[in-house]
file coords-v9.csv (CSV, C-alpha atoms)
chain,number,residue,atom,x,y,z
A,1328,MET,CA,115.2,116.5,109.0
A,1329,PHE,CA,112.7,113.8,109.7
A,1330,LYS,CA,112.4,110.7,111.9
A,1331,ILE,CA,110.5,107.5,111.3
A,1332,GLU,CA,108.6,105.8,114.1
A,1333,LYS,CA,105.7,103.4,114.6
A,1334,ALA,CA,102.5,105.3,114.5
A,1335,GLY,CA,100.2,105.3,117.5
A,1336,ILE,CA,96.5,105.7,117.6
A,1337,GLU,CA,97.0,109.5,118.3
A,1338,ASN,CA,98.7,109.8,114.8
A,1339,LEU,CA,96.0,108.1,112.7
A,1340,GLU,CA,93.8,111.2,112.1
A,1341,ASP,CA,96.8,113.1,110.8
A,1342,ILE,CA,98.0,110.1,108.7
A,1343,SER,CA,94.5,109.6,107.3
A,1344,LEU,CA,94.3,113.3,106.3
A,1345,LEU,CA,97.7,113.2,104.6
A,1346,ALA,CA,96.8,110.1,102.6
A,1347,LYS,CA,93.5,111.7,101.6
A,1348,ASN,CA,95.0,115.0,100.5
A,1349,ILE,CA,97.8,113.3,98.4
A,1350,TYR,CA,95.5,110.7,96.9
A,1351,LEU,CA,93.0,113.3,95.8
A,1352,LYS,CA,95.7,115.6,94.4
A,1353,TYR,CA,97.8,113.0,92.5
A,1354,ASN,CA,96.1,109.6,92.1
A,1355,SER,CA,92.3,110.0,91.9
A,1356,SER,CA,92.1,111.2,88.3
A,1357,PHE,CA,92.5,107.6,87.1
A,1358,ASP,CA,89.7,106.2,89.3
A,1359,THR,CA,85.9,106.2,88.9
A,1360,LYS,CA,83.6,107.9,91.4
A,1361,GLU,CA,83.1,104.4,92.9
A,1362,GLY,CA,86.9,103.9,93.1
A,1363,ILE,CA,87.4,107.3,94.7
A,1364,ASP,CA,84.7,106.6,97.3
A,1365,ASN,CA,86.3,103.2,98.0
A,1366,VAL,CA,89.8,104.6,98.5
A,1367,LEU,CA,88.5,107.4,100.7
A,1368,LYS,CA,86.7,104.9,102.8
A,1369,PHE,CA,89.9,102.7,103.0
A,1370,ILE,CA,92.1,105.6,104.1
A,1371,SER,CA,89.5,107.0,106.6
A,1372,PHE,CA,90.5,107.2,110.2
A,1373,GLU,CA,87.9,104.7,111.1
A,1374,SER,CA,89.1,102.1,108.6
A,1375,MET,CA,92.8,102.7,109.6
A,1376,ARG,CA,91.9,102.3,113.2
A,1377,LEU,CA,90.2,99.0,112.5
A,1378,ARG,CA,93.1,97.6,110.6
A,1379,PHE,CA,95.5,98.9,113.3
A,1380,PHE,CA,93.7,97.2,116.2
A,1381,MET,CA,91.9,94.3,114.6
A,1382,GLU,CA,94.3,93.2,111.9
A,1383,GLY,CA,97.6,94.4,113.3
A,1384,SER,CA,98.7,96.4,110.3
A,1385,LEU,CA,102.1,98.0,110.7
A,1386,ILE,CA,101.8,101.8,110.3
A,1387,LEU,CA,104.9,103.9,110.3
A,1388,ALA,CA,105.0,107.7,110.3
A,1389,ALA,CA,107.7,110.1,109.1
A,1390,LYS,CA,107.6,113.2,111.2
A,1391,ASP,CA,109.4,116.6,110.9
A,1392,ASP,CA,111.2,118.3,113.7
A,1393,LYS,CA,107.9,119.8,115.0
A,1394,ASP,CA,106.5,116.2,115.2
A,1395,ALA,CA,104.1,116.8,112.3
A,1396,VAL,CA,103.3,113.8,110.1
A,1397,ILE,CA,104.9,114.2,106.7
A,1398,GLY,CA,104.8,110.7,105.4
A,1399,MET,CA,103.4,107.3,106.2
A,1400,ILE,CA,103.4,103.6,105.2
A,1401,GLU,CA,100.9,100.9,106.1
A,1402,ILE,CA,101.8,97.2,105.6
A,1403,THR,CA,99.0,94.6,105.9
A,1404,ASN,CA,99.4,90.9,106.1
A,1405,TYR,CA,103.1,91.4,106.9
A,1406,ASP,CA,104.0,91.8,103.2
A,1407,HIS,CA,101.6,94.1,101.4
A,1408,ILE,CA,102.0,97.8,101.1
A,1409,SER,CA,98.4,99.0,101.4
A,1410,LEU,CA,99.3,102.7,101.7
A,1411,LEU,CA,102.4,104.8,101.1
A,1412,PHE,CA,102.1,108.6,101.0
A,1413,VAL,CA,104.4,111.6,101.5
A,1414,ASP,CA,103.4,115.2,101.8
A,1415,ASP,CA,104.2,116.8,98.5
A,1416,LYS,CA,106.3,119.5,100.1
A,1417,TYR,CA,108.7,116.7,101.0
A,1418,PHE,CA,108.8,114.8,97.7
A,1419,LYS,CA,112.2,113.6,96.4
A,1420,LEU,CA,113.9,113.6,99.8
A,1421,GLY,CA,114.0,109.8,100.1
A,1422,ILE,CA,111.2,109.7,102.8
A,1423,ALA,CA,109.1,107.0,101.0
A,1424,ALA,CA,112.1,104.8,100.4
A,1425,GLN,CA,113.2,105.1,104.0
A,1426,LEU,CA,109.7,104.3,105.2
A,1427,PHE,CA,109.8,101.1,103.1
A,1428,GLU,CA,113.3,100.2,104.4
A,1429,GLU,CA,112.2,100.7,108.0
A,1430,ALA,CA,109.1,98.5,107.4
A,1431,LYS,CA,111.4,95.8,105.9
A,1432,ASN,CA,113.7,96.0,108.9
A,1433,ILE,CA,110.7,95.4,111.2
A,1434,LEU,CA,108.8,92.7,109.2
A,1435,LYS,CA,111.7,90.8,107.6
A,1436,SER,CA,109.5,89.3,104.9
A,1437,ASP,CA,111.3,88.0,101.8
A,1438,LYS,CA,108.7,89.5,99.4
A,1439,TYR,CA,106.4,92.4,99.3
A,1440,THR,CA,103.4,93.3,97.1
A,1441,VAL,CA,101.8,96.6,96.2
A,1442,LYS,CA,99.0,97.8,94.0
A,1443,SER,CA,100.7,100.9,92.7
A,1444,SER,CA,98.9,103.9,91.4
A,1445,ASN,CA,100.0,105.1,87.9
A,1446,TYR,CA,101.6,108.1,89.7
A,1447,ALA,CA,103.8,105.9,91.9
A,1448,LEU,CA,104.8,103.3,89.3
A,1449,GLU,CA,108.2,104.6,88.5
A,1450,PHE,CA,109.0,105.1,92.2
A,1451,TYR,CA,108.2,101.5,93.0
A,1452,LYS,CA,110.4,100.3,90.0
A,1453,LYS,CA,113.3,102.3,91.5
A,1454,LEU,CA,112.8,100.5,94.8
A,1455,GLY,CA,113.1,97.2,92.9
A,1456,PHE,CA,109.5,96.2,92.5
A,1457,VAL,CA,108.5,94.5,89.2
A,1458,GLN,CA,105.1,94.6,87.5
A,1459,LEU,CA,103.2,91.3,87.5
A,1460,PHE,CA,101.1,92.4,84.4
A,1461,ASN,CA,101.8,94.8,81.6
A,1462,ASP,CA,98.3,96.4,81.8
A,1463,ILE,CA,96.8,98.5,84.5
A,1464,GLN,CA,94.3,96.6,86.5
A,1465,THR,CA,90.9,97.8,87.8
A,1466,GLU,CA,89.1,96.7,90.9
A,1467,ASN,CA,86.0,98.3,92.4
A,1468,GLY,CA,86.7,101.4,90.3
A,1469,VAL,CA,90.4,101.7,91.5
A,1470,HIS,CA,93.1,101.5,88.9
A,1471,PHE,CA,96.5,100.0,89.8
A,1472,TYR,CA,99.5,98.0,88.7
A,1473,SER,CA,100.1,94.8,90.6
A,1474,MET,CA,103.8,94.6,91.6
A,1475,ILE,CA,106.1,92.4,93.7
A,1476,TYR,CA,109.4,93.0,95.4

call {"tool": "encode", "arguments": {"input": "coords-v9.csv", "output": "structure tokens"}}
result
Amino acid sequence: MFKIEKAGIENLEDISLLAKNIYLKYNSSFDTKEGIDNVLKFISFESMRLRFFMEGSLILAAKDDKDAVIGMIEITNYDHISLLFVDDKYFKLGIAAQLFEEAKNILKSDKYTVKSSNYALEFYKKLGFVQLFNDIQTENGVHFYSMIY
């Protein structure tokens, strides 16, 4: 069982660590050293805290019955999924989809964008996102597919 709730400042270190671990394990192989460094900076506690307080990003956490963070989503600018990660021990349980559904319930935007990793491309397609370009894009050493919902 798991629950989804708005993350508080006290959750950001655990959220950052989860994002870092899953990114390095599943997504980093496509990125250059510059790209990996940029992503790690973006998902650092300090960067998340800044977006949380200064930019008002929405961060939701999925937690297990022991209150440990097992998944997270961050939405910036009310309509862009900047981060979505689930602990790999909990893959294929619908946690990421439920995080997105809960974010949609809160934000009520009519469109969402994401820069999907190669690893997550099929997942986002299952959610209803479509690719804006056929080719993988590269920005600051990070590889992604631009998608819209």

call {"tool": "closest_residue", "arguments": {"input": "coords-v9.csv", "among": "A:Asp1364, A:Asp1358, A:Glu1337, A:Asp1406", "to": "Leu1434 of chain A", "atoms": "all atoms listed in the file"}}
result
A:Asp1406

call {"tool": "atom_distance", "arguments": {"input": "coords-v9.csv", "atom1": "atom CA of Lys1330 of chain A", "atom2": "atom CA of Asp1415 of chain A"}}
result
16.9 Å

call {"tool": "residues_around", "arguments": {"input": "coords-v9.csv", "residues": "Lys1368 of chain A", "least_positions_apart": "4", "cutoff": "12 Å", "atoms": "all atoms listed in the file", "output": "list in words"}}
result
Ser1343, Leu1344, Ala1346, Lys1347, Glu1361, Gly1362, Ile1363, Asp1364, Phe1372, Glu1373, Ser1374, Met1375, Arg1376 and Leu1377 of chain A

call {"tool": "atom_distance", "arguments": {"input": "coords-v9.csv", "atom1": "atom CA of Ile1433 of chain A", "atom2": "atom CA of Phe1456 of chain A"}}
result
18.8 Å

call {"tool": "residues_around", "arguments": {"input": "coords-v9.csv", "residues": "Glu1449 of chain A", "least_positions_apart": "6", "cutoff": "12 Å", "atoms": "all atoms listed in the file", "output": "JSON, numbers by chain"}}
result
{"A": [1443, 1455, 1456, 1457, 1458, 1472, 1474]}

call {"tool": "closest_residue", "arguments": {"input": "coords-v9.csv", "among": "A:Lys1352, A:Lys1442, A:Lys1360, A:Lys1333", "to": "Leu1411 of chain A", "atoms": "only C-alpha atoms"}}
result
A:Lys1442

call {"tool": "atom_distance", "arguments": {"input": "coords-v9.csv", "atom1": "atom CA of Leu1420 of chain A", "atom2": "atom CA of Gly1398 of chain A"}}
result
11.1 Å

call {"tool": "residues_around", "arguments": {"input": "coords-v9.csv", "residues": "Glu1401 of chain A", "least_positions_apart": "6", "cutoff": "7 Å", "atoms": "only C-alpha atoms", "output": "PDB file with C-alpha atoms, in the coordinates of the input"}}
result
ATOM      1  CA  SER A1384      98.700  96.400 110.300  1.00  0.00           C
ATOM      2  CA  LEU A1385     102.100  98.000 110.700  1.00  0.00           C
ATOM      3  CA  ILE A1386     101.800 101.800 110.300  1.00  0.00           C
ATOM      4  CA  LEU A1387     104.900 103.900 110.300  1.00  0.00           C
ATOM      5  CA  ILE A1408     102.000  97.800 101.100  1.00  0.00           C
ATOM      6  CA  SER A1409      98.400  99.000 101.400  1.00  0.00           C
ATOM      7  CA  LEU A1410      99.300 102.700 101.700  1.00  0.00           C
ATOM      8  CA  LEU A1411     102.400 104.800 101.100  1.00  0.00           C
TER       9      LEU A1411
END
